[in-house]
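Shown here: final34.txt, compact mmCIF, C-alpha atoms and all ligand atoms.
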```txt
# COMPACT_ATOMS: atom_id res chain seq x y z
CA MET W 29 124.83 104.95 66.50
CA ILE W 30 123.69 103.96 69.95
CA ASP W 31 125.67 105.60 72.72
CA PHE W 32 124.69 105.06 76.32
CA SER W 33 127.47 107.05 77.97
CA LEU W 34 125.79 108.80 80.87
CA ALA W 35 126.30 112.32 82.15
CA PRO W 36 128.39 112.55 85.36
CA LYS W 37 125.34 113.83 87.26
CA THR W 38 123.31 110.80 86.17
CA LEU W 39 126.07 108.51 87.37
CA LYS W 40 126.15 110.32 90.72
CA ALA W 41 122.35 110.04 91.08
CA LYS W 42 122.53 106.36 90.13
CA ARG W 43 125.08 105.71 92.91
CA LEU W 44 122.91 107.51 95.45
CA GLU W 45 119.82 105.59 94.36
CA HIS W 46 121.75 102.33 94.58
CA ASN W 47 122.81 103.06 98.16
CA ALA W 48 119.25 104.06 99.06
CA ALA W 49 118.00 100.69 97.81
CA GLU W 50 119.78 99.05 100.76
CA TYR W 51 117.51 100.93 103.14
CA LEU W 52 114.40 99.97 101.13
CA ARG W 53 115.41 96.34 101.27
CA GLY W 54 115.46 96.53 105.03
CA ILE W 55 111.80 97.60 105.22
CA ALA W 56 110.49 95.70 102.17
CA ARG W 57 109.47 92.52 103.99
CA TYR W 58 107.37 94.42 106.52
CA TYR W 59 105.18 96.01 103.83
CA ASP W 60 104.98 92.74 101.95
CA ASP W 61 103.56 91.17 105.11
CA HIS W 62 101.32 94.19 105.86
CA GLU W 63 99.59 94.98 102.60
CA HIS W 64 97.66 98.28 102.67
CA GLU W 65 99.42 99.49 105.82
CA GLU W 66 100.65 103.07 105.49
CA LEU W 67 104.40 103.64 105.73
CA ARG W 68 105.62 104.88 109.09
CA PRO W 69 106.55 108.60 109.22
CA GLU W 70 110.25 107.99 109.89
CA GLU W 71 110.43 105.70 106.87
CA ILE W 72 108.62 108.19 104.65
CA LYS W 73 111.08 110.85 105.79
CA ARG W 74 114.08 108.67 105.01
CA VAL W 75 112.80 107.54 101.60
CA ARG W 76 112.01 111.17 100.69
CA GLU W 77 115.46 112.33 101.79
CA ASN W 78 117.08 109.66 99.64
CA ALA W 79 114.94 110.57 96.63
CA ALA W 80 115.66 114.27 97.16
CA ALA W 81 119.40 113.57 97.19
CA SER W 82 119.38 111.75 93.87
CA GLY W 83 116.90 114.29 92.43
CA ALA W 84 119.26 117.11 93.45
CA ALA W 85 122.19 115.29 91.84
CA LEU W 86 120.25 115.01 88.57
CA ALA W 87 119.34 118.69 88.70
CA GLU W 88 122.94 119.83 89.23
CA PRO W 89 124.21 122.22 86.58
CA GLY W 90 126.57 120.51 84.22
CA PRO W 91 126.70 118.81 80.86
CA GLY W 92 124.14 116.29 79.70
CA ASP W 93 120.54 115.62 80.56
CA ASP W 94 119.64 111.96 80.30
CA GLY W 95 115.88 112.57 80.50
CA MET W 96 113.76 109.42 80.37
CA LEU W 97 116.90 107.29 80.27
CA ALA W 98 117.90 108.73 83.66
CA THR W 99 114.38 108.04 84.99
CA ILE W 100 114.53 104.35 84.10
CA ILE W 101 118.08 104.01 85.39
CA MET W 102 116.95 105.44 88.76
CA SER W 103 113.95 103.13 88.68
CA GLU W 104 116.15 100.05 88.15
CA GLU W 105 118.36 101.02 91.08
CA SER W 106 115.51 101.71 93.51
CA CYS W 107 113.64 98.55 92.49
CA MET W 108 116.64 96.60 93.72
CA GLY W 109 115.34 97.65 97.13
CA ASP W 110 111.61 97.44 96.51
CA PRO W 111 109.62 98.04 93.34
CA MET W 112 106.73 99.90 94.95
CA ILE W 113 107.78 101.71 98.15
CA PRO W 114 109.69 104.55 96.41
CA GLN W 115 107.00 105.43 93.90
CA THR W 116 104.31 105.23 96.58
CA VAL W 117 106.24 107.63 98.81
CA ALA W 118 107.33 109.88 95.95
CA GLY W 119 103.78 109.96 94.61
CA PHE W 120 104.80 108.84 91.13
CA GLY W 121 102.38 106.59 89.30
CA LEU W 122 101.87 105.40 85.75
CA GLY W 123 99.49 108.33 85.27
CA ASN W 124 102.42 110.68 85.89
CA ALA W 125 104.42 109.01 83.14
CA ALA W 126 101.41 109.35 80.81
CA ILE W 127 100.99 113.05 81.66
CA GLY W 128 104.71 113.59 81.13
CA ALA W 129 104.39 112.05 77.67
CA VAL W 130 101.28 113.72 76.25
CA ALA W 131 100.08 116.65 78.40
CA THR W 132 100.33 120.29 77.33
CA PRO W 133 102.71 122.56 79.31
CA GLU W 134 99.66 124.11 81.01
CA GLN W 135 98.39 120.66 82.04
CA ARG W 136 101.84 119.66 83.27
CA ALA W 137 101.83 122.71 85.48
CA ARG W 138 98.38 121.82 86.85
CA PHE W 139 98.83 118.08 87.29
CA GLY W 140 102.61 117.67 87.53
CA ASN W 141 102.66 117.67 91.34
CA LEU W 142 99.75 115.27 91.78
CA PHE W 143 100.25 111.55 92.42
CA CYS W 144 98.49 110.10 89.34
CA ALA W 145 97.44 106.50 88.78
CA MET W 146 96.42 105.03 85.44
CA ALA W 147 92.99 103.48 84.84
CA ILE W 148 92.47 101.59 81.61
CA THR W 149 91.25 98.16 82.73
CA GLU W 150 87.52 97.52 83.28
CA PRO W 151 85.46 94.46 84.21
CA GLY W 152 84.93 93.86 80.46
CA CYS W 153 88.18 95.29 79.09
CA GLY W 154 91.77 94.17 79.59
CA SER W 155 94.25 93.41 76.83
CA ASP W 156 91.94 94.69 74.12
CA THR W 157 91.94 98.34 75.09
CA SER W 158 89.56 99.20 72.26
CA ALA W 159 86.82 97.61 74.40
CA VAL W 160 86.90 100.51 76.90
CA SER W 161 83.29 101.26 77.75
CA THR W 162 83.60 104.00 80.36
CA THR W 163 81.98 107.00 78.72
CA ALA W 164 82.86 110.69 78.65
CA LYS W 165 80.18 113.06 77.44
CA LEU W 166 80.57 116.79 77.08
CA ASP W 167 77.92 118.87 78.85
CA PRO W 168 77.75 121.98 76.65
CA ALA W 169 75.90 123.92 79.35
CA THR W 170 78.87 123.79 81.72
CA ASN W 171 81.70 122.81 79.33
CA GLU W 172 82.48 119.84 81.57
CA TRP W 173 83.10 116.19 80.76
CA VAL W 174 80.74 113.79 82.53
CA LEU W 175 82.32 110.37 83.13
CA ASN W 176 80.53 107.10 83.87
CA GLY W 177 82.01 103.61 84.25
CA GLU W 178 84.04 101.27 86.46
CA LYS W 179 87.81 100.89 86.48
CA ILE W 180 89.47 97.88 88.12
CA PHE W 181 93.03 96.98 89.12
CA VAL W 182 94.16 100.58 89.38
CA THR W 183 97.66 100.54 90.88
CA SER W 184 97.86 103.15 93.66
CA GLY W 185 94.16 103.86 93.13
CA LYS W 186 93.74 104.41 96.87
CA ARG W 187 96.84 106.47 97.64
CA CYS W 188 96.89 108.57 94.46
CA GLN W 189 95.43 112.06 94.18
CA ALA W 190 94.25 111.77 90.58
CA VAL W 191 93.60 109.06 88.02
CA VAL W 192 94.26 109.18 84.29
CA VAL W 193 91.08 107.52 83.02
CA TRP W 194 90.60 106.07 79.54
CA ALA W 195 87.04 106.67 78.34
CA THR W 196 85.19 106.70 75.05
CA LEU W 197 83.52 109.75 73.56
CA ASP W 198 81.42 107.56 71.28
CA LYS W 199 81.50 103.76 71.52
CA SER W 200 80.26 103.41 67.92
CA LYS W 201 83.42 105.14 66.64
CA GLY W 202 85.79 102.51 68.05
CA ARG W 203 89.40 103.18 69.05
CA ALA W 204 89.51 106.68 67.60
CA ALA W 205 87.00 107.88 70.19
CA ILE W 206 88.99 106.68 73.21
CA LYS W 207 90.63 109.55 75.08
CA SER W 208 92.34 109.95 78.43
CA PHE W 209 91.16 112.32 81.15
CA VAL W 210 92.71 113.45 84.40
CA VAL W 211 90.18 112.89 87.19
CA GLU W 212 91.10 114.34 90.57
CA LYS W 213 89.92 111.98 93.31
CA THR W 214 88.18 114.84 95.13
CA ARG W 215 85.64 115.19 92.29
CA PRO W 216 82.11 114.18 93.34
CA GLY W 217 81.14 110.90 91.65
CA CYS W 218 84.65 109.39 91.85
CA THR W 219 84.50 106.62 94.47
CA LEU W 220 86.94 103.93 95.55
CA ILE W 221 84.90 100.72 95.84
CA LYS W 222 87.38 97.87 96.37
CA LEU W 223 90.97 97.05 97.35
CA GLU W 224 92.68 93.91 96.01
CA HIS W 225 94.75 91.41 98.01
CA LYS W 226 97.65 90.49 95.78
CA LEU W 227 100.37 87.93 95.07
CA GLY W 228 103.15 90.53 94.88
CA ILE W 229 103.92 94.28 94.88
CA ARG W 230 102.04 94.34 98.16
CA ALA W 231 103.59 97.66 99.23
CA SER W 232 101.30 99.26 96.66
CA ASP W 233 97.52 99.26 96.70
CA THR W 234 95.40 98.13 93.76
CA ALA W 235 91.87 99.50 93.67
CA SER W 236 88.56 99.58 91.81
CA ILE W 237 87.11 103.00 91.12
CA LEU W 238 83.54 103.84 90.21
CA LEU W 239 82.76 106.94 88.16
CA GLU W 240 79.13 108.04 88.44
CA ASP W 241 78.26 111.27 86.65
CA CYS W 242 81.71 112.46 87.62
CA ARG W 243 82.25 115.98 86.26
CA ILE W 244 85.66 117.33 85.30
CA PRO W 245 86.65 120.55 83.50
CA PHE W 246 86.96 120.44 79.70
CA ASP W 247 90.72 121.06 79.95
CA ASN W 248 91.27 117.80 81.86
CA ILE W 249 91.31 115.86 78.59
CA LEU W 250 94.82 114.81 77.54
CA GLY W 251 95.30 115.44 73.84
CA SER W 252 92.71 116.49 71.31
CA PRO W 253 88.96 115.86 71.80
CA GLU W 254 88.64 115.41 68.06
CA ILE W 255 87.66 111.93 66.87
CA ARG W 256 89.92 111.13 63.94
CA GLU W 257 88.81 107.90 62.39
CA ALA W 258 91.97 107.37 60.38
CA ARG W 259 94.16 104.32 61.07
CA GLY W 260 95.87 104.68 64.42
CA GLY W 261 93.15 106.93 65.76
CA GLN W 262 93.88 105.72 69.27
CA ALA W 263 97.41 107.06 68.91
CA GLY W 264 96.81 109.83 71.45
CA VAL W 265 96.10 107.40 74.29
CA LEU W 266 98.39 104.65 73.02
CA ALA W 267 101.31 107.08 72.92
CA THR W 268 101.32 106.96 76.71
CA PHE W 269 102.43 103.31 76.50
CA ASP W 270 105.63 104.44 74.78
CA ALA W 271 106.59 106.17 78.03
CA THR W 272 105.11 103.77 80.58
CA ARG W 273 106.38 100.50 79.08
CA PRO W 274 110.10 101.33 79.42
CA TYR W 275 109.39 102.39 83.00
CA VAL W 276 107.57 99.15 83.85
CA ALA W 277 110.32 97.13 82.15
CA SER W 278 113.00 98.91 84.20
CA GLN W 279 111.20 97.83 87.39
CA ALA W 280 111.49 94.20 86.30
CA ILE W 281 115.18 94.66 85.55
CA GLY W 282 115.83 96.11 89.02
CA VAL W 283 114.07 93.26 90.79
CA ALA W 284 115.78 90.57 88.69
CA ARG W 285 119.17 92.21 89.21
CA ALA W 286 118.61 92.09 92.96
CA ALA W 287 117.77 88.39 92.68
CA ILE W 288 120.82 87.59 90.54
CA GLU W 289 123.26 89.53 92.73
CA PHE W 290 121.92 87.96 95.92
CA THR W 291 121.97 84.44 94.47
CA LYS W 292 125.48 84.86 93.11
CA GLU W 293 126.71 86.06 96.48
CA LYS W 294 125.20 83.02 98.24
CA LEU W 295 126.64 80.63 95.65
CA GLU W 296 130.07 82.23 95.97
CA GLU W 297 129.84 81.75 99.74
CA ALA W 298 129.16 78.09 98.98
CA GLY W 299 132.36 77.89 96.91
CA TYR W 300 131.15 78.49 93.35
CA THR W 301 133.12 80.75 91.04
CA PHE W 302 131.79 82.46 87.93
CA PRO W 303 134.51 82.80 85.30
CA TYR W 304 133.77 84.86 82.20
CA ASP W 305 136.77 83.71 80.19
CA LYS W 306 136.15 79.96 79.96
CA GLY W 307 134.59 78.00 77.11
CA ILE W 308 131.05 76.78 77.65
CA HIS W 309 132.21 73.11 77.68
CA SER W 310 134.24 73.71 80.85
CA LEU W 311 131.44 75.32 82.88
CA ASN W 312 129.21 73.39 85.25
CA ALA W 313 125.41 73.65 85.18
CA VAL W 314 125.21 76.31 87.91
CA GLN W 315 127.85 78.49 86.26
CA LYS W 316 126.12 78.23 82.88
CA GLU W 317 122.78 79.08 84.39
CA MET W 318 124.17 82.17 86.12
CA LEU W 319 125.92 83.44 82.98
CA ASP W 320 122.79 82.80 80.93
CA MET W 321 120.68 84.80 83.39
CA GLU W 322 123.17 87.66 83.36
CA ALA W 323 123.20 87.72 79.54
CA ASN W 324 119.40 87.80 79.43
CA LEU W 325 119.26 90.60 81.96
CA GLU W 326 121.77 92.65 79.98
CA ALA W 327 119.87 92.04 76.72
CA ALA W 328 116.64 93.23 78.37
CA ARG W 329 118.37 96.29 79.81
CA LEU W 330 119.88 97.32 76.47
CA LEU W 331 116.51 97.07 74.72
CA VAL W 332 114.84 99.14 77.42
CA TRP W 333 117.58 101.76 77.43
CA GLN W 334 117.28 102.01 73.66
CA SER W 335 113.52 102.60 73.89
CA ALA W 336 114.00 105.36 76.49
CA SER W 337 116.82 106.95 74.55
CA LEU W 338 114.66 107.14 71.38
CA LEU W 339 111.93 108.83 73.40
CA ASP W 340 114.46 111.38 74.67
CA LYS W 341 115.41 112.17 71.09
CA GLY W 342 111.76 112.77 70.22
CA LEU W 343 111.71 109.68 67.97
CA ARG W 344 108.93 107.09 67.74
CA ASN W 345 109.73 104.16 70.05
CA SER W 346 106.57 102.02 70.01
CA LEU W 347 108.37 99.00 68.57
CA GLU W 348 111.34 99.28 70.91
CA SER W 349 109.25 99.93 74.02
CA SER W 350 107.18 96.80 73.34
CA MET W 351 110.30 94.77 72.55
CA GLY W 352 111.93 95.92 75.78
CA LYS W 353 108.88 95.16 77.87
CA ALA W 354 108.32 91.77 76.24
CA LYS W 355 111.93 90.79 76.86
CA ALA W 356 112.20 92.25 80.36
CA GLY W 357 108.84 90.89 81.54
CA LYS W 358 109.59 87.34 80.47
CA ALA W 359 113.34 87.18 81.14
CA CYS W 360 113.08 88.78 84.58
CA SER W 361 110.19 86.54 85.69
CA LEU W 362 112.22 83.51 84.64
CA ILE W 363 115.40 84.82 86.29
CA CYS W 364 113.65 85.29 89.63
CA GLN W 365 112.18 81.78 89.45
CA ARG W 366 115.56 80.29 88.61
CA CYS W 367 117.20 82.18 91.48
CA VAL W 368 114.65 80.73 93.91
CA ALA W 369 115.52 77.26 92.61
CA LEU W 370 119.29 77.81 92.72
CA LEU W 371 119.07 78.97 96.33
CA GLY W 372 117.42 75.71 97.36
CA PRO W 373 115.25 75.84 100.50
CA LEU W 374 116.59 79.31 101.33
CA GLY W 375 115.02 80.56 98.10
CA TYR W 376 111.59 79.38 99.20
CA SER W 377 111.98 80.67 102.74
CA LYS W 378 110.71 84.04 103.95
CA GLU W 379 114.05 84.48 105.69
CA VAL W 380 115.32 86.22 102.56
CA LEU W 381 113.65 88.27 99.81
CA ALA W 382 114.15 85.87 96.87
CA GLU W 383 110.61 84.47 97.02
CA LYS W 384 109.22 88.01 97.29
CA TRP W 385 111.15 89.12 94.22
CA MET W 386 109.72 86.15 92.33
CA ARG W 387 106.18 87.22 93.29
CA ASP W 388 106.81 90.95 92.74
CA VAL W 389 108.36 90.67 89.29
CA LYS W 390 105.47 88.75 87.71
CA ILE W 391 103.34 91.88 87.45
CA ASN W 392 105.79 93.47 85.01
CA ASP W 393 104.83 90.81 82.49
CA ILE W 394 101.14 91.62 83.01
CA PHE W 395 100.33 95.32 83.43
CA GLU W 396 100.74 97.94 80.71
CA GLY W 397 100.16 95.06 78.27
CA THR W 398 100.95 91.41 78.90
CA GLY W 399 103.92 89.65 77.33
CA GLN W 400 101.63 88.12 74.69
CA ILE W 401 100.24 91.53 73.79
CA GLN W 402 103.74 93.01 73.49
CA MET W 403 104.63 90.19 71.07
CA LEU W 404 101.54 91.02 69.01
CA VAL W 405 102.51 94.70 68.88
CA VAL W 406 106.07 93.81 67.86
CA CYS W 407 104.86 91.45 65.14
CA ARG W 408 102.38 94.00 63.78
CA LEU W 409 104.99 96.74 63.65
CA ILE W 410 107.68 94.59 62.05
CA LEU W 411 105.40 92.90 59.53
CA GLY W 412 103.30 95.97 58.79
CA PHE W 413 99.99 94.38 59.79
CA SER W 414 97.07 96.34 61.20
CA ARG W 415 95.31 95.41 64.43
CA ASP W 416 92.50 93.83 62.47
CA GLN W 417 94.89 91.77 60.36
CA LEU W 418 96.80 90.36 63.34
CA LYS W 419 94.97 89.83 66.63
C1 LIG T 501 98.50 93.91 90.36
C2 LIG T 501 97.92 94.50 89.13
C3 LIG T 501 98.01 95.85 88.90
C4 LIG T 501 97.43 96.42 87.77
N1 LIG T 501 97.51 97.77 87.59
C5 LIG T 501 96.83 98.34 86.56
C6 LIG T 501 96.77 99.77 86.43
O1 LIG T 501 97.40 100.53 87.19
N2 LIG T 501 95.99 100.29 85.46
C7 LIG T 501 95.28 99.51 84.58
O2 LIG T 501 94.60 100.04 83.72
N3 LIG T 501 95.35 98.15 84.66
C8 LIG T 501 96.09 97.56 85.63
N4 LIG T 501 96.13 96.20 85.74
C9 LIG T 501 95.40 95.38 84.78
C10 LIG T 501 96.31 94.79 83.73
O3 LIG T 501 96.80 95.79 82.88
C11 LIG T 501 95.50 93.71 82.99
O4 LIG T 501 95.31 92.64 83.89
C12 LIG T 501 96.21 93.24 81.75
O5 LIG T 501 96.22 94.26 80.78
C13 LIG T 501 95.53 92.01 81.14
O6 LIG T 501 94.17 92.21 80.99
P1 LIG T 501 93.14 91.13 81.58
O7 LIG T 501 93.53 90.85 82.98
O8 LIG T 501 91.77 91.59 81.32
O9 LIG T 501 93.46 89.81 80.77
P2 LIG T 501 92.86 89.36 79.36
O10 LIG T 501 92.93 90.48 78.38
O11 LIG T 501 91.57 88.72 79.60
O12 LIG T 501 93.95 88.28 78.95
C14 LIG T 501 94.05 87.04 79.61
C15 LIG T 501 95.24 86.30 79.01
O13 LIG T 501 95.07 86.13 77.59
C16 LIG T 501 96.16 86.68 76.88
N5 LIG T 501 95.68 87.31 75.65
C17 LIG T 501 94.68 88.23 75.56
N6 LIG T 501 94.52 88.61 74.27
C18 LIG T 501 95.43 87.92 73.55
C19 LIG T 501 95.78 87.86 72.16
N7 LIG T 501 95.12 88.61 71.27
N8 LIG T 501 96.76 87.04 71.78
C20 LIG T 501 97.42 86.27 72.67
N9 LIG T 501 97.15 86.28 74.01
C21 LIG T 501 96.17 87.08 74.44
C22 LIG T 501 96.77 87.71 77.82
O14 LIG T 501 98.14 87.91 77.54
C23 LIG T 501 96.56 87.05 79.18
O15 LIG T 501 97.59 86.15 79.42
C24 LIG T 501 96.75 95.60 86.83
C25 LIG T 501 96.69 94.23 87.03
C26 LIG T 501 97.25 93.67 88.15
C27 LIG T 501 97.16 92.18 88.35
```

For this file, produce the structure as structure tokens.
Amino acid sequence: MIDFSLAPKTLKAKRLEHNAAEYLRGIARYYDDHEHEELRPEEIKRVRENAAASGAALAEPGPGDDGMLATIIMSEESCMGDPMIPQTVAGFGLGNAAIGAVATPEQRARFGNLFCAMAITEPGCGSDTSAVSTTAKLDPATNEWVLNGEKIFVTSGKRCQAVVVWATLDKSKGRAAIKSFVVEKTRPGCTLIKLEHKLGIRASDTASILLEDCRIPFDNILGSPEIREARGGQAGVLATFDATRPYVASQAIGVARAAIEFTKEKLEEAGYTFPYDKGIHSLNAVQKEMLDMEANLEAARLLVWQSASLLDKGLRNSLESSMGKAKAGKACSLICQRCVALLGPLGYSKEVLAEKWMRDVKINDIFEGTGQIQMLVVCRLILGFSRDQLK
């Protein structure tokens, strides 16, 4: 049975995070207008204090530990303020979620406090992650991995301290040879070569990173170095998606919730009411649209919560995490577009954040696997097809 009753400490942290989102909203436009500008010290201080307060609430002694579910609930709340400022300040990137999911306790101790980005995409490799061509070769003389290749569109690639890099041990062995490696940015041969100018999530940086004979210790590999050619050989690296996809989906839900709540408030000021106890035939177009958006948001949230909750129980959640991301990515993008339309000219104006939310939320349907790729994963898992049978 699915039970999403949350521990009192999670509820307390959620309330704190919700209140903190108000502050984030106040500074969000500035960093949208000033991409790549570093946050001002007083803002960093305030964002850190807010995060520390909700972190302390979660760490309070008491019953229940909502684990990953608590993480995505906090993420939804803070994304109602801004989807990128908190994780940039807190130093939490997709690489951290990957490390949390697959690293050994010793690696967690070594890398847990680093701000870690995730680098899968390359100039010749996007949706089809089996095309990764960055190489990792073991130098037996020094017991170090030597990495070579180029990674593009690395979120937080400039501000992070380390990057979780996907690289192949042997291109001829296909997916099974792809492994992930933690590369600290201070390593010689790891160079930032480009910064993107983006449509949305402009409070974060997106960078290209070149790896040229970049040496890292043997123990920086996440998972086993063994190349198992059995079906699902890429499982080690792909398992990280099971943790990162619910997180990315929760960001979309937070942004879309902000858009819905703001739009509803404005429409109520204009005299609309939103009854939940009337038949569909008696609702006008605006009321129907709002209720439809709310239902879609709730459906996305429940799928995402389910995927996180399975992870917390140590159960396989690949199907659910892809379902949740597919639903959240698409529904939330559509919700934000519809809110812009419902708000009329105000929606298109920079006076309010609706147009920013519409731009910001689109990325959640793209990174960590596009909506189309999530649908492929879902179909494969439900129908029992392999990658080669359904692509
Ligand atoms: C702002 C931003 C931040 C990013 N951050 C990161 C990051 O931190 N780390 C990282 O590794 N990457 C990151 N990415 C890259 C992102 O993950 C890729 O853009 C995404 O995976 C798609 O790959 P692609 O762009 O090469 O598109 P392609 O793979 O070329 O796909 C193009 C289009 O075709 C569709 N398509 C592809 N294959 C199929 C198929 N088999 N069936 C149906 N449709 C298909 C896709 O859905 C997409 O719509 C980021 C991208 C952006 C824009």

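If you measure from each of W:Leu331, W:Leu381, W:Ile237, W:Ala323 to Arg273 in chain W using only C-alpha atoms, the closest one turns out to be W:Leu331.
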
Show me as a tab-separated table (two decimals) with C-alpha atoms, in the frame of the given file the residues that reach within 12 Å of (114.0, 107.8, 69.3), counting only C-alpha atoms and using the file's own coordinates.
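File produced: result.tsv:
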```tsv
chain	number	residue	atom	x	y	z
W	29	MET	CA	124.83	104.95	66.50
W	30	ILE	CA	123.69	103.96	69.95
W	96	MET	CA	113.76	109.42	80.37
W	97	LEU	CA	116.90	107.29	80.27
W	270	ASP	CA	105.63	104.44	74.78
W	271	ALA	CA	106.59	106.17	78.03
W	332	VAL	CA	114.84	99.14	77.42
W	333	TRP	CA	117.58	101.76	77.43
W	334	GLN	CA	117.28	102.01	73.66
W	335	SER	CA	113.52	102.60	73.89
W	336	ALA	CA	114.00	105.36	76.49
W	337	SER	CA	116.82	106.95	74.55
W	338	LEU	CA	114.66	107.14	71.38
W	339	LEU	CA	111.93	108.83	73.40
W	340	ASP	CA	114.46	111.38	74.67
W	341	LYS	CA	115.41	112.17	71.09
W	342	GLY	CA	111.76	112.77	70.22
W	343	LEU	CA	111.71	109.68	67.97
W	344	ARG	CA	108.93	107.09	67.74
W	345	ASN	CA	109.73	104.16	70.05
W	346	SER	CA	106.57	102.02	70.01
W	347	LEU	CA	108.37	99.00	68.57
W	348	GLU	CA	111.34	99.28	70.91
W	349	SER	CA	109.25	99.93	74.02
```

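Polymer residues near (80.8, 114.0, 76.8): counting only C-alpha atoms with a cut-off of 9 Å, they are Thr163, Ala164, Lys165, Leu166, Asp167, Pro168, Glu172, Trp173, Val174, Leu175, Thr196, Leu197 and Asp198 of chain W.
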
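Minimum atom-to-atom distance to Ile249 in chain W, evaluated using only C-alpha atoms, belongs to W:Ile127 out of W:Cys153, W:Leu362, W:Ile127, W:Leu325.
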
Legend entry - Residue neighbourhood range 148-151 of chain W, 9 Å, all atoms listed in the file, exclusion window fewer than 3 positions, as a list in words: Gly154, Ser155, Thr157, Ala159, Val160, Ser161, Thr162, Gly177, Glu178, Lys179, Ile180, Phe181, Val182, Val192, Val193, Trp194, Ala195, Ser208 and Ser236 of chain W

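For the atom pair formed by CA of Arg74 in chain W and CA of Glu88 in chain W, the distance is 21.3 Å, given to one decimal.
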